[in-house]
Amino acid sequence: MKRRSSFVIALALTLVLVTSGLVSAQGVFGGSVKVAVETEPANLDIQMTPSDQVSYIAQHIFEQLFAFNEAFDIVPMLAESYTVNPEGTVYEITLRKGVPFHNGKEMTSEDVLASLHRWSQVSARGATAFGFITEVEALDDYTVVLRLREPFAPLLSFLAFQNTAASIYPKEIAEKYPNTPIAEYIGTGPYKFVHWMPDYRIRLERFDDYAARDDEASGWGGKKVAYLDTVEFYTVLEAYTRQAGVQAGDYHVGMVINRESYPALVADPSVNTHMLSPGGFDWVIFNKKEGIMSNQKMRQAALAAMDMEPILYATYGLPEFFKHGPSYYPEGTVWYTEAGGEMYSQGNLERAKQLLKEAGYNNEPVRLISTAERPDYLNIALVTAAQWEEAGINVDLQLYDWATVLERRANPQVNDAFVTGHGFVPDPSLLTVLNSAYPGWWDSEAKNELLARFQSEPDQQKRMAIWEEIHALIYEEVPAIRMGDYYSLTISSASLQNFYGTTWPVLWNVWIQK
Amino acid sequence: MSRYLVRRIIALIPVMLVVATFAFLLVHLVPGDPASMILGDMATVEDVERLREEMHLNAPLIVQYITWLGRVVRGNWGNSLYSQQPVLAMLAERAQPTLILSVSSLFVAVLLGIPTGVLAAVRRGTKIDAAILSVAMFGAAIPGFWLGLVMIMYIGVSLGWLPTSGYQPLSTGFFNTMQYFVLPAIALGFPHSALIIRVVRSTMLDVLNTDFVRTARAKGLSKFMVIGKHALRNSLIPILTVIGMSFATMVAGTVVTETVFSIPGMGRLVVTSVMRRDYPVLQGSILIVAAIYVIVNLVIDLLYVWVDPRVKY
């Protein structure tokens with residue numbers, strides 16, 4: 001009898017909890033979260049320094065006018081609302097009122113003006129956007145107008161993106177550090193910067209006066225609640241140490257964990273595993289300015305020779321960690337397309353040999369540059385070289401430490417191709433290889449013309465059609481060869497609630513279950 | 001003695017000057033450049049060139065060398081190219097964890113090395129001797145990082161007795177700090193103890209066969225007095241040399257241990273600075289490590305006098 005009544009009570013309680021959604025929605029305030037990160041950033045100047053480590057730490061301190069939600073749609077963040085004229089050349093942005101910086105000052109249009117000006121000077125993305133923006137004007141304390149020379153469709157993506165972000169700094173700070181990294185980290189975000197013990201720990205603390213939005217939390221947008229008293233980022237260089245630290249309870253989150261550990265981690269009830277999605281991709285980028293690979297036929301031959309599956313297995317190990325497919329964007333995103341995809345992963349040696357012949361190839365060495373410092377880049381280089389050799393390309397594989405790779409790939413006289421990676425970017429115009437100044441120097445007339453149209457087209461449907469053309473052109477002119485998507489492994493301790501694995505994991509709306 | 005000391009200290013100047021020059025040249029001759037490391041993977045060639053210009057990396061090498069040397073002599077070691085912090089302050093900050101690690105590793109190495117070495121010598125040719133020598137061979141052969149990872153796995157994760165990694169400064173309490181150093185000290189100290197065991201064993205064997213030890217035994221002194229006071233005391237010079245060199249190697253060789261256990265010391269600073277091509281920090285670290293080497297050498301030479309009154313300078 002007793003047993004039955006307790007069962008009924010338990011059932012009733014479960015029903016109440018489930019129907020009211022309390023199980024997942026009730027956050028607990030307090031506690032400190034320790035995150036083990038793989039490397040230490042040079043600074044936290046999120047406007048200037050294009051590194052993922054800066055983004056995922058500094059995004060808790062700083063905010064932009066706009067943000068991405070879970071589906072990578074753009075939602076207002078520090079902006080209240082905005083309007084665009086039909087031509088797409090005038091953006092009027094209304095700011096939220098009563099948003100304080102960590103120093104107590106209220107954010108107004110003068111801060112936005114100073115921050116956007118600095119962003120145009122220190123960030124490559126800012127410079128691109130300001131190639132279109134001709135004037136930024138404050139109508140009053142809470143209204144900012146951006147005037148454009150011609151429409152620049154990805155503008156809001158540029159303003160929302162976390163990497164070299166158009167974050168809003170107080171005017172005094174934006175002006176104090178016009179072209180050097182800022183040394184005072186004052187933003188409007190839910191956590192404020194407290195202390196940096198170099199090479200060891202960066203400590204953030206809840207910002208009690210944070211002005212949260214009311215709309216539902218999603219992705220990097222909506223309502224942010226800082227449940228945690230402090231958030232600490234520890235630099236732990238060794239991947240196994242990060243993993244062991246989370247398993248032993250010394251850290252709550254471990255970034256970039258060895259994929260070989262995955263089966264053991266899935267079996268461990270004390271940790272949760274997360275595949276960071278959307279994933280990134282690794283690719284081989286050709287030198288199109290000088291040398292043997294500036295011949296398009298040679299690049300087509302290299303592409304024809306490649307079968308991606310062995311490369312993906314050799315590099316990422318388990319099939320959970322990669323996706324075989326031609327699209328530069330994952331399925332489910334607005335930019336997904338397979339245009340030109342028949343050229344992806346052909347593994348066609350006959351065609352490769354034919355193309356080499358047409359290119360007039362005479363067994364000249366092809367210098368492929370990579371590094372053993374990053375195992376993924378090494379494996380890609382090794383298998384790629386083997387496949388090229390099989391097609392009859394004489395590969396001169398050169399392995400250096402990463403710093404040397406960066407130097408050599410920037411010199412068109414000493415490389416024909418190099419291996420590197422690329423993170424997810426919300427708008428295709430942010431892909432590095434589309435920038436003619438990026439190493440590899442893809443400066444073809446067809447690409448430049450398409451890119452210009454793509455950037456100035458305001459209509460999403462027409463933009464998608466142009467992106468399909470660019471996508472197909474990438475497979476035709478072969479400025480680079482993308483292997484496939486991969487997902488990094490991140491782990492969190494089971495006590496950490498509401499934590500999701502995304503490219504830049506967030507620690508607001510996250511709490512510790514005691 | 002004091003004249004000797006002054007002479008030795010003056011002789012350090014040319015040594016350090018040569019080290020400084022080599023440090024500068026080696027660091028600058030390696031390809032790769034700090035600007036592109038700061039800007040990262042997404043940067044364009046123009047971005048990197050702009051930053052190089054701002055960081056004055058385009059000046060001729062000889063100009064950069066003279067400017068740097070002039071500053072170092074005046075006590076200004078420059079700022080890190082990566083984090084903008086003053087190099088001397090960075091090195092001072094990293095000194096505490098590295099010194100704690102080196103001293104506690106030395107403690108482990110000596111505590112393990114000397115008694116076992118003595119035991120092996122006294123029990124020469126027995127099974128105990130063979131066992132100790134095998135363990136010593138094993139200790140010298142295993143890499144420190146492997147030992148570190150294995151201990152993290154079993155003692156840190158499975159048993160949960162000690163933190164897997166990290167660091168707390170001494171200001172948070174001696175025992176709180178030391179719990180973070182138990183595993184790293186064993187990982188770094190154990191391989192060094194192997195070397196000490198072998199040196200202690202062989203010098204002790206020499207001394208144990210001398211006449212004065214036989215006399216001491218004949219006098220009826222206790223075994224402990226014979227071994228501890230007569231034999232060990234007289235084997236100390238080579239042992240001291242090996243301990244001193246071990247200590248210097250440890251200070252310079254904390255690189256791997258600090259990386260595995262995530263201790264923010266000088267070793268890790270050197271590794272990250274190499275990867276970042278942070279010239280001023282690297283040059284500063286090399287100078288400091290070289291200075292520690294020569295100073296430890298000097299201290300050992302002076303200790304000889306204390307250990308063996310026959311030594312005179």
# chains A, B, ... in the order shown; residues from 1 in each chain; ligands from 1
>>> interface_residues(of="chain A", to="chain B", cutoff="7 Å", atoms="only C-alpha atoms", output="list in words")
Ala42, Asn43, Thr49, Pro50, Ser51, Asp199, Tyr200, Val236, Leu237, Glu238, Thr241, Ala244, Gly245, Gln247, Ala248, Asp250, Ala403, Thr404, Leu406, Glu407, Ala410, Thr432, Ala437, Tyr438 and Pro439 of chain A
>>> write_last_selection(atoms="N, CA and C atoms", output="compact mmCIF listing (two decimals), in the first residue's frame")
# COMPACT_ATOMS: atom_id res chain seq x y z
N ALA A 42 46.31 35.95 -27.43
CA ALA A 42 47.26 37.03 -27.18
C ALA A 42 46.61 38.12 -26.35
N ASN A 43 45.35 38.36 -26.60
CA ASN A 43 44.62 39.42 -25.89
C ASN A 43 43.15 39.07 -26.06
N THR A 49 41.50 40.56 -33.07
CA THR A 49 42.25 39.31 -33.15
C THR A 49 41.36 38.17 -33.66
N PRO A 50 41.64 37.69 -34.89
CA PRO A 50 40.74 36.70 -35.50
C PRO A 50 41.02 35.29 -35.04
N SER A 51 40.83 35.00 -33.76
CA SER A 51 41.08 33.63 -33.32
C SER A 51 39.85 33.13 -32.56
N ASP A 199 49.28 32.83 -19.20
CA ASP A 199 49.64 31.43 -19.45
C ASP A 199 48.91 30.50 -18.50
N TYR A 200 47.97 31.00 -17.71
CA TYR A 200 47.32 30.11 -16.77
C TYR A 200 45.81 30.27 -16.73
N VAL A 236 45.28 24.83 -20.84
CA VAL A 236 45.81 23.49 -20.61
C VAL A 236 46.23 22.95 -21.98
N LEU A 237 47.55 22.98 -22.25
CA LEU A 237 48.02 22.71 -23.61
C LEU A 237 47.81 21.26 -24.02
N GLU A 238 47.92 20.34 -23.08
CA GLU A 238 47.92 18.92 -23.41
C GLU A 238 46.47 18.39 -23.42
N THR A 241 45.39 15.99 -20.69
CA THR A 241 45.25 16.63 -19.38
C THR A 241 43.90 17.32 -19.26
N ALA A 244 41.38 14.41 -18.71
CA ALA A 244 41.48 13.84 -17.37
C ALA A 244 40.95 14.82 -16.34
N GLY A 245 41.21 16.11 -16.56
CA GLY A 245 40.76 17.14 -15.62
C GLY A 245 39.25 17.19 -15.51
N GLN A 247 37.20 14.65 -16.30
CA GLN A 247 36.78 13.36 -15.73
C GLN A 247 36.97 13.33 -14.21
N ALA A 248 38.04 13.99 -13.75
CA ALA A 248 38.32 13.97 -12.31
C ALA A 248 37.58 15.08 -11.58
N ASP A 250 38.16 18.37 -11.95
CA ASP A 250 38.95 19.60 -11.78
C ASP A 250 38.48 20.71 -12.70
N ALA A 403 54.53 28.05 -37.37
CA ALA A 403 54.95 29.43 -37.63
C ALA A 403 55.64 29.53 -38.98
N THR A 404 56.42 28.51 -39.31
CA THR A 404 57.12 28.52 -40.58
C THR A 404 56.14 28.33 -41.74
N LEU A 406 53.11 29.39 -41.83
CA LEU A 406 52.46 30.70 -42.03
C LEU A 406 53.36 31.61 -42.87
N GLU A 407 54.67 31.53 -42.60
CA GLU A 407 55.58 32.39 -43.35
C GLU A 407 55.71 31.94 -44.80
N ALA A 410 52.79 32.48 -47.26
CA ALA A 410 52.57 33.86 -47.66
C ALA A 410 53.53 34.28 -48.77
N THR A 432 37.67 32.64 -46.47
CA THR A 432 38.96 33.30 -46.71
C THR A 432 39.39 33.23 -48.17
N ALA A 437 43.37 38.67 -51.46
CA ALA A 437 44.63 38.96 -50.77
C ALA A 437 45.06 37.79 -49.88
N TYR A 438 44.18 36.82 -49.67
CA TYR A 438 44.52 35.69 -48.79
C TYR A 438 45.52 34.77 -49.50
N PRO A 439 46.51 34.20 -48.77
CA PRO A 439 47.49 33.34 -49.41
C PRO A 439 46.83 32.32 -50.35
>>> residues_around(residues="Thr210 of chain B", least_positions_apart="6", cutoff="12 Å", atoms="only C-alpha atoms", output="ChimeraX atom specification")
/B:203-204,216-217,226,230-231,234-235
>>> select_by_dssp(residues="segment 62-176 of chain B", states="alpha helix (DSSP H)", output="VMD selection string")
chain B and resid 62 to 73 87 to 122 127 to 141 144 to 151 174 to 176
>>> atom_distance(atom1="atom CA of Gly340 of chain A", atom2="atom CA of Glu457 of chain A")
21.9 Å
>>> closest_residue(among="A:Thr188, A:Glu216, A:Asp45, A:Ser294", to="Ala174 of chain A", atoms="only C-alpha atoms")
A:Asp45
>>> decode(residues="segment 29-47 of chain B", atoms="N, CA and C atoms", output="tab-separated table (two decimals), in the first residue's frame")
chain	number	residue	atom	x	y	z
B	29	LEU	N	67.09	33.55	-36.53
B	29	LEU	CA	67.38	32.82	-37.77
B	29	LEU	C	66.31	31.79	-38.09
B	30	VAL	N	65.54	31.40	-37.07
B	30	VAL	CA	64.47	30.44	-37.30
B	30	VAL	C	63.40	31.11	-38.16
B	31	PRO	N	62.92	30.41	-39.20
B	31	PRO	CA	61.88	31.05	-40.01
B	31	PRO	C	60.57	31.19	-39.23
B	32	GLY	N	59.64	31.93	-39.80
B	32	GLY	CA	58.37	32.17	-39.11
B	32	GLY	C	58.40	33.55	-38.50
B	33	ASP	N	57.23	34.18	-38.37
B	33	ASP	CA	57.28	35.51	-37.80
B	33	ASP	C	56.11	35.76	-36.85
B	34	PRO	N	56.41	36.53	-35.78
B	34	PRO	CA	55.42	36.71	-34.71
B	34	PRO	C	54.14	37.38	-35.19
B	35	ALA	N	54.23	38.24	-36.17
B	35	ALA	CA	53.03	38.97	-36.60
B	35	ALA	C	51.98	38.01	-37.12
B	36	SER	N	52.42	37.03	-37.94
B	36	SER	CA	51.41	36.12	-38.49
B	36	SER	C	50.89	35.18	-37.42
B	37	MET	N	51.69	34.92	-36.38
B	37	MET	CA	51.19	34.08	-35.29
B	37	MET	C	50.12	34.81	-34.49
B	38	ILE	N	50.29	36.11	-34.32
B	38	ILE	CA	49.30	36.88	-33.57
B	38	ILE	C	48.01	36.97	-34.37
B	39	LEU	N	48.13	37.21	-35.66
B	39	LEU	CA	46.92	37.44	-36.46
B	39	LEU	C	46.21	36.13	-36.82
B	40	GLY	N	46.94	35.03	-36.83
B	40	GLY	CA	46.29	33.74	-37.01
B	40	GLY	C	46.04	33.38	-38.46
B	41	ASP	N	45.22	32.32	-38.59
B	41	ASP	CA	45.04	31.63	-39.84
B	41	ASP	C	44.30	32.45	-40.89
B	42	MET	N	43.40	33.32	-40.45
B	42	MET	CA	42.51	34.00	-41.39
B	42	MET	C	43.13	35.28	-41.95
B	43	ALA	N	44.30	35.66	-41.47
B	43	ALA	CA	44.85	36.96	-41.85
B	43	ALA	C	45.37	36.95	-43.29
B	44	THR	N	45.26	38.09	-43.95
B	44	THR	CA	45.80	38.21	-45.29
B	44	THR	C	47.26	38.66	-45.21
B	45	VAL	N	47.97	38.56	-46.33
B	45	VAL	CA	49.39	38.92	-46.35
B	45	VAL	C	49.56	40.40	-45.97
B	46	GLU	N	48.63	41.24	-46.42
B	46	GLU	CA	48.72	42.67	-46.12
B	46	GLU	C	48.56	42.94	-44.62
B	47	ASP	N	47.61	42.22	-43.99
B	47	ASP	CA	47.41	42.40	-42.55
B	47	ASP	C	48.71	42.14	-41.81
